[in-house]
Amino acid sequence: MDLREKAASLGPQPGVYMFSDAAGAIIYVGKARALRNRVRSYFVENRQFDAKTGSLVREIADLQYIVVDNEKEALALENNLIKQHQPRFNILLRDDKTYPYIRYTAFEKYPRVYVTRRLGKDGALYFGPYFPANLAYRLVHLIHKHFLVPSCTVDLTRSHPRPCLQFYIHRCLGPCVMGLVTDERYAEAALDVRTFLEGRRSDLMQSLQTRMQAASEKEHYEEAAGYRDLLRTLEEIAERQKIAAAAGDDTDVLAWHAEPPQVAVNLFHLRAGRVVDRRDFYWEDLREFDPAEFLPSLLKQIYLDGAYYPRFIHVPGDLEDRSLLEEVFSEKSGHRVEIVAPQRGPKRALLDLVEKNAEHSFNQRFRTLRPTSEAITTALQEALGLPEPPTRIESFDISHIQGTDTVASMVVWEAGRLKKSDYRKFIIRSGIPPHRESSAAKAQPATGPNVGDASSALTILEPTNSDGGLLRDDFASMREAVTRRYRRLLDEKKPLPGLILIDGGIGQLHAAAQALESLEIINQPVAAIAKKEEILYVLGREDEPIILAPHSPILRLIQQIRDETHRFAVTFHRQRRGKRQVHTELTEIPGIGRRAALKLLREFGSVARLRQASLDEISKVVNRTQAQRIRDHFQTSNTT
């Protein structure tokens with residue numbers, strides 16, 4: 001049975017159809033009110049197709065279909081199949097930004113709260129999404145401050161010897177240390193947080209009122225004052241929400257700028273009558289741009305799986321499935337949702353504004369315009385889910401050859417540029433065998449911008465393998481570098497960076513996290529970028545890897561910092577390796593110690609130039625006896 005006959009055999013029921021190519025891959029998914037009529041239209045002889053549909057028809061080798069009861073079911077099934085199969089002839093949503101949720105770990109003995117951008121079936125409760133994105137972080141901060149429930153990554157299944165800083169600044173009840181808080185008190189605070197996030201503010205306020213009165217009657221005045229302050233905070237929040245609700249209906253405004261194959265879409269969120277956030281979408285290979293197909297595909301992929309629906313969605317033009325989409329969105333949201341194409345007045349003016357912003361986004365993404373450093377840090381905050389824009393980033397990398405001459409580098413990005421004066425180098429000593437610890441202990445710490453000079457190469461007595469170097473563990477090396485860096489910052493009482501970036505995968509990320517935990521530094525944003533895949537992993541959300549679009553300015557910034565860190569580490573490693581080899585040859589000469597070798601290297605610059613120097617020239621740097629021994633050594637090596 002050929003494709004025309006197969007299409008003619010379909011029934012008139014609603015359903016979803018799927019076209020496959022010769023390799024069996026699904027290349028297009030569509031829905032139909034009447035399957036037979038819709039599918040047969042692709043195989044009508046002498047029909048004129050646009051370029052995209054013509055290419056699709058030429059590649060169809062087989063078709064499959066699923067019959068459903070009504071068009072609403074077809075709409076939902078089509079959306080699920082597109083997400084599952086990613087057909088290349090469908091318009092696929094390319095999103096640089098997802099909105100955050102608050103994750104409440106109800107499955108833990110001591111529940112905690114985190115900001116996340118991905119929902120999981122892990123026993124946790126998820127609340128959101130939140131507009132604007134920083135609202136989720138503000139709420140979590142409020143939970144830390146008033147409910148004292150943390151967002152840390154500390155293992156709470158075992159007791160720790162002492163709490164972290166968050167306990168001492170009254171941002172955590174301290175469940176990590178036995179005796180600081182009772183299970184009943186923590187359970188009460190966790191239940192308050194859950195009630196707060198579920199929106200049952202009146203129930204929570206009534207409960208707090210009762211507990212405040214009970215504490216006061218028992219003359220526990222400090223406890224009563226805590227309940228009173230929390231009540232006032234909740235009353236202020238409720239009052240602000242009442243004012244916002246009276247200010248206007250929630251509206252989303254969507255517009256685009258298209259220069260095929262590149263398209264940029266802006267989606268503005270208006271909540272309570274004001275713009276609270278925006279969302280960007282980009283396409284780089286959309287050869288055929290048809291608004292009649294593009295708009296409904298976009299709306300279905302944005303809203304069908306959404307957790308929140310506005311009352312109005314403003315779009316540039318009408319669409320065929322408008323009534324169906326309005327009905328489905330209204331059923332899912334529980335309130336009337338209208339899709340409107342404004343033609344005049346303030347609503348049209350706002351749509352025009354969103355179109356201008358879409359054009360600006362297009363230029364920033366696909367042309368030569370460079371976003372400001374403030375825009376970059378804000379975008380980085382949203383992409384990685386950071387509590388605030390990272391104005392300073394410190395990046396680490398490890399360099400060695402088969403475990404020898406292992407070094408680490410730290411590169412700093414601050415205020416929109418690389419700050420070379422703050423770069424640091426580390427000579428790694430992790431993994432030294434016990435029988436050589438005594439000699440290694442004599443070495444001084446290798447931190448600071450001048451660690452890589454000639455003097456540092458002559459102060460390390462290192463155990464070597466058969467190749468003359470140490471075999472080391474990369475993870476241990478990363479732990480050592482991070483530990484040394486941030487122990488020093490803590491000792492000097494200097495602020496921590498907005499983000500620590502690790503060159504490597506999850507293993508290196510966890511090594512850095514272990515180092516920070518050993519210093520009792522928690523809630524410090526840490527991310528790692530895997531070299532080949534260019535995948536970002538954020539500490540605490542390793543199961544939610546972040547894949548940024550190739551043209552993303554955020555990815556370009558992270559790659560720039562990562563590449564500079566790698567270059568700096570490799571350069572330092574080469575210096576170390578070269579100086580170790582020079583150091584070995586000079587100190588093999590009887591009577592020439594490290595200090596004399598250093599003076600000779602500083603004067604002549606290299607062993608090659610030292611070989612060419614006369615006895616009198618060498619005698620100007622070291623004494624006559626040493627100079628004669630050096631000349632005798634070189635003459636002997638030349639003859640052999």
# chains A, B, ... in the order shown; residues from 1 in each chain; ligands from 1
>>> select_by_dssp(residues="range 250-358 of chain A", states="strand (DSSP E)", output="ChimeraX atom specification")
/A:251-259,262-271,274-283,312-314,338-340
>>> write_last_selection(atoms="C-alpha atoms", output="PDB file, in the first residue's frame")
ATOM      1  CA  THR A 251      -1.005  39.475  30.678  1.00  0.00           C
ATOM      2  CA  ASP A 252       1.686  37.897  28.517  1.00  0.00           C
ATOM      3  CA  VAL A 253       2.771  39.767  25.384  1.00  0.00           C
ATOM      4  CA  LEU A 254       4.569  37.849  22.625  1.00  0.00           C
ATOM      5  CA  ALA A 255       6.272  39.214  19.491  1.00  0.00           C
ATOM      6  CA  TRP A 256       9.206  38.374  17.213  1.00  0.00           C
ATOM      7  CA  HIS A 257      11.774  39.646  14.760  1.00  0.00           C
ATOM      8  CA  ALA A 258      12.536  37.273  11.884  1.00  0.00           C
ATOM      9  CA  GLU A 259      15.275  37.298   9.264  1.00  0.00           C
ATOM     10  CA  GLN A 262      17.344  33.381  12.248  1.00  0.00           C
ATOM     11  CA  VAL A 263      14.419  34.356  14.495  1.00  0.00           C
ATOM     12  CA  ALA A 264      14.250  36.006  17.917  1.00  0.00           C
ATOM     13  CA  VAL A 265      11.101  35.974  20.058  1.00  0.00           C
ATOM     14  CA  ASN A 266      10.418  38.034  23.176  1.00  0.00           C
ATOM     15  CA  LEU A 267       7.746  37.120  25.707  1.00  0.00           C
ATOM     16  CA  PHE A 268       6.967  39.831  28.273  1.00  0.00           C
ATOM     17  CA  HIS A 269       5.166  38.932  31.504  1.00  0.00           C
ATOM     18  CA  LEU A 270       2.902  41.618  32.977  1.00  0.00           C
ATOM     19  CA  ARG A 271       1.759  40.871  36.474  1.00  0.00           C
ATOM     20  CA  ARG A 274       3.455  46.025  35.203  1.00  0.00           C
ATOM     21  CA  VAL A 275       6.254  44.221  33.374  1.00  0.00           C
ATOM     22  CA  VAL A 276       7.967  41.898  35.837  1.00  0.00           C
ATOM     23  CA  ASP A 277      10.063  39.731  33.527  1.00  0.00           C
ATOM     24  CA  ARG A 278      10.833  38.690  29.974  1.00  0.00           C
ATOM     25  CA  ARG A 279      11.763  35.495  28.214  1.00  0.00           C
ATOM     26  CA  ASP A 280      13.815  35.052  25.029  1.00  0.00           C
ATOM     27  CA  PHE A 281      13.681  32.358  22.357  1.00  0.00           C
ATOM     28  CA  TYR A 282      16.027  31.974  19.386  1.00  0.00           C
ATOM     29  CA  TRP A 283      16.149  29.947  16.169  1.00  0.00           C
ATOM     30  CA  PHE A 312      -4.624  37.431  28.490  1.00  0.00           C
ATOM     31  CA  ILE A 313      -2.031  36.493  25.864  1.00  0.00           C
ATOM     32  CA  HIS A 314      -1.353  39.261  23.326  1.00  0.00           C
ATOM     33  CA  GLU A 338      -8.032  34.882  26.113  1.00  0.00           C
ATOM     34  CA  ILE A 339      -5.636  35.093  23.143  1.00  0.00           C
ATOM     35  CA  VAL A 340      -5.862  38.594  21.676  1.00  0.00           C
TER      36      VAL A 340
END
>>> residues_around(residues="Leu610 in chain A", least_positions_apart="6", cutoff="9 Å", atoms="only C-alpha atoms", output="list in words")
Leu600, Leu601, Glu603, Phe604 and Ile618 of chain A
>>> atom_distance(atom1="CA of Thr210 in chain A", atom2="CA of Arg185 in chain A")
15.6 Å
>>> select_by_dssp(residues="range 15-99 of chain A", states="helix (DSSP H, G or I)", output="CSV table (one decimal) with N, CA, C and O atoms, in the first residue's frame")
chain,number,residue,atom,x,y,z
A,35,LEU,N,-8.5,13.2,10.4
A,35,LEU,CA,-7.2,12.7,9.9
A,35,LEU,C,-7.1,12.5,8.4
A,35,LEU,O,-6.2,12.9,7.8
A,36,ARG,N,-8.2,11.9,7.8
A,36,ARG,CA,-8.1,11.6,6.4
A,36,ARG,C,-8.0,12.8,5.6
A,36,ARG,O,-7.1,12.9,4.7
A,37,ASN,N,-8.7,13.9,5.8
A,37,ASN,CA,-8.7,15.1,5.0
A,37,ASN,C,-7.3,15.7,5.1
A,37,ASN,O,-6.7,16.2,4.2
A,38,ARG,N,-6.8,15.8,6.4
A,38,ARG,CA,-5.5,16.5,6.6
A,38,ARG,C,-4.3,15.7,6.0
A,38,ARG,O,-3.5,16.3,5.3
A,39,VAL,N,-4.2,14.4,6.2
A,39,VAL,CA,-3.1,13.7,5.7
A,39,VAL,C,-3.1,13.6,4.2
A,39,VAL,O,-2.1,13.6,3.5
A,40,ARG,N,-4.3,13.4,3.6
A,40,ARG,CA,-4.4,13.3,2.1
A,40,ARG,C,-4.0,14.5,1.4
A,40,ARG,O,-3.5,14.5,0.3
A,41,SER,N,-4.1,15.7,2.1
A,41,SER,CA,-3.7,16.9,1.5
A,41,SER,C,-2.2,17.0,1.1
A,41,SER,O,-1.8,17.8,0.3
A,42,TYR,N,-1.4,16.2,1.8
A,42,TYR,CA,0.0,16.2,1.5
A,42,TYR,C,0.3,15.4,0.2
A,42,TYR,O,1.4,15.6,-0.3
A,43,PHE,N,-0.6,14.6,-0.3
A,43,PHE,CA,-0.3,13.7,-1.4
A,43,PHE,C,-1.2,14.0,-2.6
A,43,PHE,O,-1.3,13.1,-3.5
A,51,ALA,N,8.5,25.9,0.2
A,51,ALA,CA,9.7,25.1,0.1
A,51,ALA,C,9.8,24.1,1.2
A,51,ALA,O,10.3,23.0,1.0
A,52,LYS,N,9.4,24.5,2.4
A,52,LYS,CA,9.5,23.6,3.6
A,52,LYS,C,8.7,22.4,3.4
A,52,LYS,O,9.1,21.2,3.6
A,53,THR,N,7.4,22.6,3.1
A,53,THR,CA,6.4,21.5,2.9
A,53,THR,C,6.9,20.6,1.8
A,53,THR,O,6.8,19.3,1.8
A,54,GLY,N,7.4,21.2,0.7
A,54,GLY,CA,7.8,20.4,-0.4
A,54,GLY,C,9.0,19.5,-0.1
A,54,GLY,O,9.0,18.3,-0.5
A,55,SER,N,9.9,20.0,0.7
A,55,SER,CA,11.0,19.2,1.2
A,55,SER,C,10.5,18.1,2.1
A,55,SER,O,11.0,16.9,2.0
A,56,LEU,N,9.5,18.4,2.9
A,56,LEU,CA,9.0,17.4,3.8
A,56,LEU,C,8.3,16.2,3.0
A,56,LEU,O,8.6,15.0,3.3
A,57,VAL,N,7.5,16.6,2.0
A,57,VAL,CA,6.8,15.6,1.3
A,57,VAL,C,7.8,14.7,0.5
A,57,VAL,O,7.6,13.4,0.4
A,58,ARG,N,8.9,15.2,0.0
A,58,ARG,CA,9.8,14.4,-0.7
A,58,ARG,C,10.5,13.4,0.2
A,58,ARG,O,11.0,12.4,-0.3
A,59,GLU,N,10.6,13.7,1.5
A,59,GLU,CA,11.3,12.8,2.4
A,59,GLU,C,10.4,11.8,3.1
A,59,GLU,O,10.9,10.9,3.8
A,71,GLU,N,-10.4,16.9,19.7
A,71,GLU,CA,-9.3,17.7,19.3
A,71,GLU,C,-8.4,18.2,20.4
A,71,GLU,O,-7.2,18.4,20.2
A,72,LYS,N,-9.0,18.3,21.6
A,72,LYS,CA,-8.2,18.7,22.8
A,72,LYS,C,-7.1,17.6,23.1
A,72,LYS,O,-6.0,17.9,23.3
A,73,GLU,N,-7.6,16.3,23.0
A,73,GLU,CA,-6.6,15.2,23.2
A,73,GLU,C,-5.6,15.2,22.1
A,73,GLU,O,-4.4,14.9,22.4
A,74,ALA,N,-6.0,15.5,20.9
A,74,ALA,CA,-5.0,15.6,19.8
A,74,ALA,C,-4.0,16.7,20.1
A,74,ALA,O,-2.8,16.5,19.8
A,75,LEU,N,-4.4,17.8,20.6
A,75,LEU,CA,-3.5,18.9,20.9
A,75,LEU,C,-2.4,18.5,21.9
A,75,LEU,O,-1.2,18.7,21.7
A,76,ALA,N,-2.9,17.9,23.0
A,76,ALA,CA,-2.0,17.5,24.0
A,76,ALA,C,-1.0,16.4,23.5
A,76,ALA,O,0.2,16.4,23.8
A,77,LEU,N,-1.5,15.4,22.8
A,77,LEU,CA,-0.7,14.3,22.3
A,77,LEU,C,0.3,14.8,21.3
A,77,LEU,O,1.5,14.4,21.3
A,78,GLU,N,-0.1,15.7,20.4
A,78,GLU,CA,0.9,16.3,19.5
A,78,GLU,C,2.0,17.0,20.2
A,78,GLU,O,3.2,16.8,19.8
A,79,ASN,N,1.7,17.7,21.2
A,79,ASN,CA,2.8,18.4,22.0
A,79,ASN,C,3.7,17.5,22.6
A,79,ASN,O,5.0,17.7,22.6
A,80,ASN,N,3.2,16.4,23.2
A,80,ASN,CA,4.1,15.4,23.9
A,80,ASN,C,5.0,14.7,22.9
A,80,ASN,O,6.1,14.4,23.1
A,81,LEU,N,4.4,14.3,21.7
A,81,LEU,CA,5.2,13.6,20.7
A,81,LEU,C,6.3,14.5,20.1
A,81,LEU,O,7.4,14.0,19.8
A,82,ILE,N,6.0,15.8,19.9
A,82,ILE,CA,7.0,16.7,19.4
A,82,ILE,C,8.2,16.8,20.4
A,82,ILE,O,9.3,16.7,20.0
A,83,LYS,N,7.9,16.9,21.7
A,83,LYS,CA,8.9,16.9,22.7
A,83,LYS,C,9.7,15.6,22.8
A,83,LYS,O,10.9,15.6,23.0
A,84,GLN,N,9.0,14.5,22.6
A,84,GLN,CA,9.7,13.2,22.7
A,84,GLN,C,10.6,13.0,21.5
A,84,GLN,O,11.7,12.5,21.7
A,85,HIS,N,10.1,13.2,20.3
A,85,HIS,CA,10.9,12.9,19.1
A,85,HIS,C,11.7,14.0,18.4
A,85,HIS,O,12.6,13.7,17.6
